[in-house]
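One file, data29.cif, is given below (mmCIF, C-alpha atoms).
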data_structure
loop_
_atom_site.group_PDB
_atom_site.id
_atom_site.type_symbol
_atom_site.label_atom_id
_atom_site.label_comp_id
_atom_site.auth_asym_id
_atom_site.auth_seq_id
_atom_site.Cartn_x
_atom_site.Cartn_y
_atom_site.Cartn_z
ATOM 1 C CA MET A 1 41.396 160.160 -86.119
ATOM 2 C CA ASP A 2 43.872 160.385 -83.299
ATOM 3 C CA SER A 3 46.832 159.700 -85.564
ATOM 4 C CA THR A 4 49.570 162.230 -86.081
ATOM 5 C CA ALA A 5 48.922 162.167 -89.837
ATOM 6 C CA TYR A 6 45.268 163.097 -89.262
ATOM 7 C CA LYS A 7 46.213 165.943 -86.931
ATOM 8 C CA ILE A 8 48.795 167.298 -89.389
ATOM 9 C CA GLN A 9 46.228 167.065 -92.178
ATOM 10 C CA LEU A 10 43.720 168.951 -90.001
ATOM 11 C CA ILE A 11 46.257 171.697 -89.286
ATOM 12 C CA LEU A 12 46.957 172.048 -93.022
ATOM 13 C CA HIS A 13 43.225 172.091 -93.837
ATOM 14 C CA VAL A 14 42.535 174.868 -91.313
ATOM 15 C CA LEU A 15 45.671 176.798 -92.318
ATOM 16 C CA MET A 16 44.697 176.757 -95.995
ATOM 17 C CA ALA A 17 41.190 177.905 -95.079
ATOM 18 C CA VAL A 18 42.668 180.846 -93.164
ATOM 19 C CA VAL A 19 44.978 181.701 -96.074
ATOM 20 C CA ALA A 20 42.123 181.387 -98.587
ATOM 21 C CA PHE A 21 39.423 183.242 -96.673
ATOM 22 C CA GLY A 22 41.256 185.625 -94.343
ATOM 23 C CA PRO A 23 42.309 187.971 -97.156
ATOM 24 C CA LEU A 24 38.704 188.227 -98.378
ATOM 25 C CA PHE A 25 38.069 190.615 -95.507
ATOM 26 C CA VAL A 26 40.779 193.071 -96.647
ATOM 27 C CA LEU A 27 40.813 192.469 -100.401
ATOM 28 C CA PRO A 28 38.335 195.263 -101.234
ATOM 29 C CA ARG A 29 40.558 197.798 -99.462
ATOM 30 C CA LEU A 30 43.663 196.436 -101.192
ATOM 31 C CA HIS A 31 41.774 196.592 -104.488
ATOM 32 C CA ARG A 32 41.053 200.294 -103.966
ATOM 33 C CA ALA A 33 44.713 200.954 -103.147
ATOM 34 C CA ASP A 34 46.268 198.781 -105.862
ATOM 35 C CA ALA A 35 43.956 196.797 -108.117
ATOM 36 C CA ASP A 36 46.807 194.983 -109.860
ATOM 37 C CA ALA A 37 48.350 193.811 -106.584
ATOM 38 C CA ALA A 38 44.930 192.680 -105.343
ATOM 39 C CA ALA A 39 44.321 190.652 -108.506
ATOM 40 C CA LYS A 40 47.754 189.029 -108.329
ATOM 41 C CA PHE A 41 47.308 188.176 -104.656
ATOM 42 C CA HIS A 42 43.891 186.666 -105.262
ATOM 43 C CA LEU A 43 45.113 184.544 -108.172
ATOM 44 C CA ARG A 44 48.455 183.516 -106.674
ATOM 45 C CA VAL A 45 47.548 183.044 -103.007
ATOM 46 C CA SER A 46 43.811 182.908 -102.245
ATOM 47 C CA LEU A 47 42.632 180.687 -105.107
ATOM 48 C CA PRO A 48 45.433 178.092 -104.716
ATOM 49 C CA ALA A 49 44.812 178.015 -100.950
ATOM 50 C CA LEU A 50 41.101 177.478 -101.625
ATOM 51 C CA VAL A 51 41.934 174.457 -103.769
ATOM 52 C CA LEU A 52 44.344 173.116 -101.138
ATOM 53 C CA THR A 53 41.643 173.514 -98.483
ATOM 54 C CA TRP A 54 39.583 170.984 -100.427
ATOM 55 C CA VAL A 55 42.587 168.689 -101.012
ATOM 56 C CA PHE A 56 43.398 168.556 -97.304
ATOM 57 C CA GLY A 57 39.700 168.148 -96.444
ATOM 58 C CA MET A 58 39.514 165.107 -98.697
ATOM 59 C CA GLY A 59 42.664 163.821 -97.009
ATOM 60 C CA LEU A 60 40.956 164.194 -93.640
ATOM 61 C CA MET A 61 38.095 162.007 -94.849
ATOM 62 C CA GLY A 62 40.582 159.395 -96.019
ATOM 63 C CA LEU A 63 42.413 159.408 -92.687
ATOM 64 C CA SER A 64 39.257 159.459 -90.527
ATOM 65 C CA ASP A 65 38.859 155.676 -90.243
ATOM 66 C CA LYS A 66 35.596 156.077 -92.212
ATOM 67 C CA ALA A 67 34.135 158.380 -89.557
ATOM 68 C CA TRP A 68 33.686 161.128 -92.180
ATOM 69 C CA GLY A 69 32.612 160.654 -95.748
ATOM 70 C CA PHE A 70 30.316 161.584 -98.591
ATOM 71 C CA GLY A 71 26.715 160.858 -97.768
ATOM 72 C CA GLN A 72 26.975 162.821 -94.523
ATOM 73 C CA LEU A 73 24.960 166.012 -94.828
ATOM 74 C CA TRP A 74 27.637 168.357 -93.486
ATOM 75 C CA ILE A 75 30.292 167.023 -95.871
ATOM 76 C CA ASP A 76 27.999 167.015 -98.898
ATOM 77 C CA LEU A 77 26.793 170.571 -98.248
ATOM 78 C CA SER A 78 30.297 171.826 -97.432
ATOM 79 C CA THR A 79 31.637 170.346 -100.667
ATOM 80 C CA LEU A 80 28.802 171.859 -102.692
ATOM 81 C CA LEU A 81 29.363 175.269 -101.116
ATOM 82 C CA TRP A 82 33.118 174.945 -101.722
ATOM 83 C CA VAL A 83 32.357 174.479 -105.436
ATOM 84 C CA VAL A 84 30.202 177.618 -105.334
ATOM 85 C CA LEU A 85 33.004 179.513 -103.550
ATOM 86 C CA VAL A 86 35.509 178.501 -106.220
ATOM 87 C CA ALA A 87 33.083 179.582 -108.934
ATOM 88 C CA VAL A 88 32.476 182.960 -107.263
ATOM 89 C CA ALA A 89 36.209 183.489 -106.752
ATOM 90 C CA ALA A 90 37.067 182.596 -110.349
ATOM 91 C CA ALA A 91 34.060 183.995 -112.223
ATOM 92 C CA VAL A 92 33.089 187.044 -110.167
ATOM 93 C CA ILE A 93 35.911 188.253 -107.918
ATOM 94 C CA ALA A 94 38.926 187.629 -110.175
ATOM 95 C CA PRO A 95 37.446 189.390 -113.247
ATOM 96 C CA GLY A 96 36.317 192.283 -111.042
ATOM 97 C CA LEU A 97 39.809 192.642 -109.606
ATOM 98 C CA ARG A 98 41.289 192.754 -113.100
ATOM 99 C CA LYS A 99 38.983 195.628 -114.110
ATOM 100 C CA GLY A 100 40.381 198.026 -111.521
ATOM 101 C CA ALA A 101 37.990 200.757 -110.352
ATOM 102 C CA GLU A 102 35.306 199.629 -112.810
ATOM 103 C CA GLY A 103 35.231 196.217 -111.125
ATOM 104 C CA ARG A 104 34.589 197.422 -107.566
ATOM 105 C CA ALA A 105 30.887 196.567 -107.567
ATOM 106 C CA ARG A 106 31.631 193.103 -108.892
ATOM 107 C CA VAL A 107 34.331 192.545 -106.262
ATOM 108 C CA ALA A 108 31.991 193.766 -103.508
ATOM 109 C CA ALA A 109 29.206 191.433 -104.650
ATOM 110 C CA GLY A 110 31.589 188.471 -104.824
ATOM 111 C CA MET A 111 33.000 189.270 -101.406
ATOM 112 C CA GLY A 112 29.526 189.497 -99.880
ATOM 113 C CA VAL A 113 28.549 186.104 -101.250
ATOM 114 C CA SER A 114 31.902 184.633 -100.187
ATOM 115 C CA HIS A 115 31.618 185.976 -96.633
ATOM 116 C CA LEU A 116 28.151 184.480 -96.259
ATOM 117 C CA LEU A 117 29.230 181.104 -97.655
ATOM 118 C CA VAL A 118 32.322 180.989 -95.434
ATOM 119 C CA VAL A 119 30.150 181.467 -92.350
ATOM 120 C CA VAL A 120 27.748 178.732 -93.495
ATOM 121 C CA VAL A 121 30.604 176.295 -94.241
ATOM 122 C CA LEU A 122 32.214 177.085 -90.902
ATOM 123 C CA ALA A 123 28.917 176.355 -89.124
ATOM 124 C CA LEU A 124 28.622 173.070 -91.034
ATOM 125 C CA MET A 125 32.159 172.079 -90.016
ATOM 126 C CA VAL A 126 31.550 172.903 -86.344
ATOM 127 C CA PHE A 127 28.010 171.562 -85.854
ATOM 128 C CA LYS A 128 28.171 168.673 -88.385
ATOM 129 C CA PRO A 129 24.421 168.372 -89.020
ATOM 130 C CA GLY A 130 23.310 164.856 -89.827
ATOM 131 C CA ILE A 131 25.709 163.234 -87.383
#
structure tokens encoding of this file:
Amino acid sequence: MDSTAYKIQLILHVLMAVVAFGPLFVLPRLHRADADAAAKFHLRVSLPALVLTWVFGMGLMGLSDKAWGFGQLWIDLSTLLWVVLVAVAAAVIAPGLRKGAEGRARVAAGMGVSHLLVVVVLALMVFKPGI
């Protein structure tokens, strides 16, 4: 876990998480100003970054000298919550963004769930329960 490859992978994992989740805090405001731009940004930037967050996380497990892996509570729960986040982003937020003003309630609900899940995943990553 002290290798340069691991550290680069960790930087990419955290960077993709910032790119995926950071905009969630301003997306409702962008949606009110320009619903089309918000939808495009979500689909072209946030969702791909969310997928890459998982890709780089899996890479971290592979480079961890078997220190991290499935079967550890924090990884299993984080992965499950990541799946839920992807589902919320794709099935709730994205359709709401496409509906313009009519989709505001849907976007707000999706954002609320996403914010809560991001905090839970972050806590799992920091405290690593089960270790």
Which range 11-48 of chain A residues have any atom within 10 Å of an atom of range 56-64 of chain A, and for each, what is the nearest pair of atoms with distance in Å to one decimal, counting all atoms listed in the file, rows sorted by chain and number, as a Markdown table?
| residue | atom | partner | partner_atom | distance |
| --- | --- | --- | --- | --- |
| A:Ile11 | CA | A:Phe56 | CA | 9.1 |
| A:Leu12 | CA | A:Phe56 | CA | 6.6 |
| A:His13 | CA | A:Phe56 | CA | 5.0 |
| A:Val14 | CA | A:Phe56 | CA | 8.7 |
| A:Leu15 | CA | A:Phe56 | CA | 9.9 |
| A:Met16 | CA | A:Phe56 | CA | 8.4 |
| A:Ala17 | CA | A:Phe56 | CA | 9.9 |
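Residues in contact with Asp2 in chain A at up to 12 Å, not including ones fewer than 2 positions away on its chain and judged by all atoms listed in the file, are Thr4, Ala5, Tyr6, Lys7, Ile8, Gln9, Leu10, Leu60, Leu63, Ser64, Asp65 and Ala67 of chain A.
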Exercise for review: Please write the residues picked by the PyMOL selection byres ((chain A and resi 38) around 10) on this file as a ChimeraX atom specification.
Suggested key: /A:23,26-37,39-44,94,97-98,100
Practice item. Work out how far CA of Pro48 in chain A is from CA of Asp76 in chain A, in Å to one decimal. Key: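 Atom-to-atom, CA of Asp76 in chain A and CA of Pro48 in chain A are spaced 21.5 Å apart.
CA of Gly22 in chain A is found 16.3 Å from CA of Ala123 in chain A.
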Review point. For this file, the PyMOL selection byres ((chain A and resi 128) around 9) selects which residues, as a PyMOL selection string?
Key: chain A and resi 72-75+123-127+129-131
Revision key, fill the gap. Between A:Pro95, A:Thr79, A:Phe25, A:Thr53, smallest distance to Val113 in chain A by all atoms listed in the file belongs to A:Phe25
Practice item. List the residues selected by the PyMOL selection byres ((chain A and resi 107) around 8) in the file shown, writing them as an MDAnalysis selection string. Key: chainID A and resid 28 92:94 96:97 103:106 108:111
Would you mind putting N, CA and C atoms back on range 90-107 of chain A and writing the result as a compact mmCIF listing (two decimals), in the frame of the given file?
# COMPACT_ATOMS: atom_id res chain seq x y z
N ALA A 90 36.51 182.61 -108.99
CA ALA A 90 37.07 182.60 -110.35
C ALA A 90 36.24 183.41 -111.34
N ALA A 91 34.92 183.38 -111.21
CA ALA A 91 34.06 184.00 -112.22
C ALA A 91 33.55 185.38 -111.85
N VAL A 92 33.60 185.74 -110.58
CA VAL A 92 33.09 187.04 -110.17
C VAL A 92 34.22 187.92 -109.61
N ILE A 93 34.90 187.43 -108.59
CA ILE A 93 35.91 188.25 -107.92
C ILE A 93 37.12 188.51 -108.81
N ALA A 94 37.70 187.45 -109.36
CA ALA A 94 38.93 187.63 -110.18
C ALA A 94 38.71 188.59 -111.35
N PRO A 95 37.65 188.43 -112.15
CA PRO A 95 37.45 189.39 -113.25
C PRO A 95 37.22 190.82 -112.73
N GLY A 96 36.52 190.95 -111.61
CA GLY A 96 36.32 192.28 -111.04
C GLY A 96 37.62 192.92 -110.60
N LEU A 97 38.50 192.12 -110.03
CA LEU A 97 39.81 192.64 -109.61
C LEU A 97 40.63 193.11 -110.80
N ARG A 98 40.52 192.39 -111.90
CA ARG A 98 41.29 192.75 -113.10
C ARG A 98 40.80 194.05 -113.74
N LYS A 99 39.55 194.43 -113.48
CA LYS A 99 38.98 195.63 -114.11
C LYS A 99 39.33 196.92 -113.37
N GLY A 100 40.03 196.82 -112.26
CA GLY A 100 40.38 198.03 -111.52
C GLY A 100 39.16 198.68 -110.91
N ALA A 101 39.08 200.01 -110.98
CA ALA A 101 37.99 200.76 -110.35
C ALA A 101 36.63 200.36 -110.92
N GLU A 102 36.58 200.02 -112.20
CA GLU A 102 35.31 199.63 -112.81
C GLU A 102 34.77 198.31 -112.24
N GLY A 103 35.64 197.52 -111.64
CA GLY A 103 35.23 196.22 -111.12
C GLY A 103 34.86 196.21 -109.66
N ARG A 104 34.85 197.38 -109.02
CA ARG A 104 34.59 197.42 -107.57
C ARG A 104 33.25 196.82 -107.17
N ALA A 105 32.21 197.11 -107.92
CA ALA A 105 30.89 196.57 -107.57
C ALA A 105 30.88 195.05 -107.68
N ARG A 106 31.55 194.55 -108.70
CA ARG A 106 31.63 193.10 -108.89
C ARG A 106 32.42 192.45 -107.76
N VAL A 107 33.52 193.06 -107.37
CA VAL A 107 34.33 192.54 -106.26
C VAL A 107 33.50 192.56 -104.98
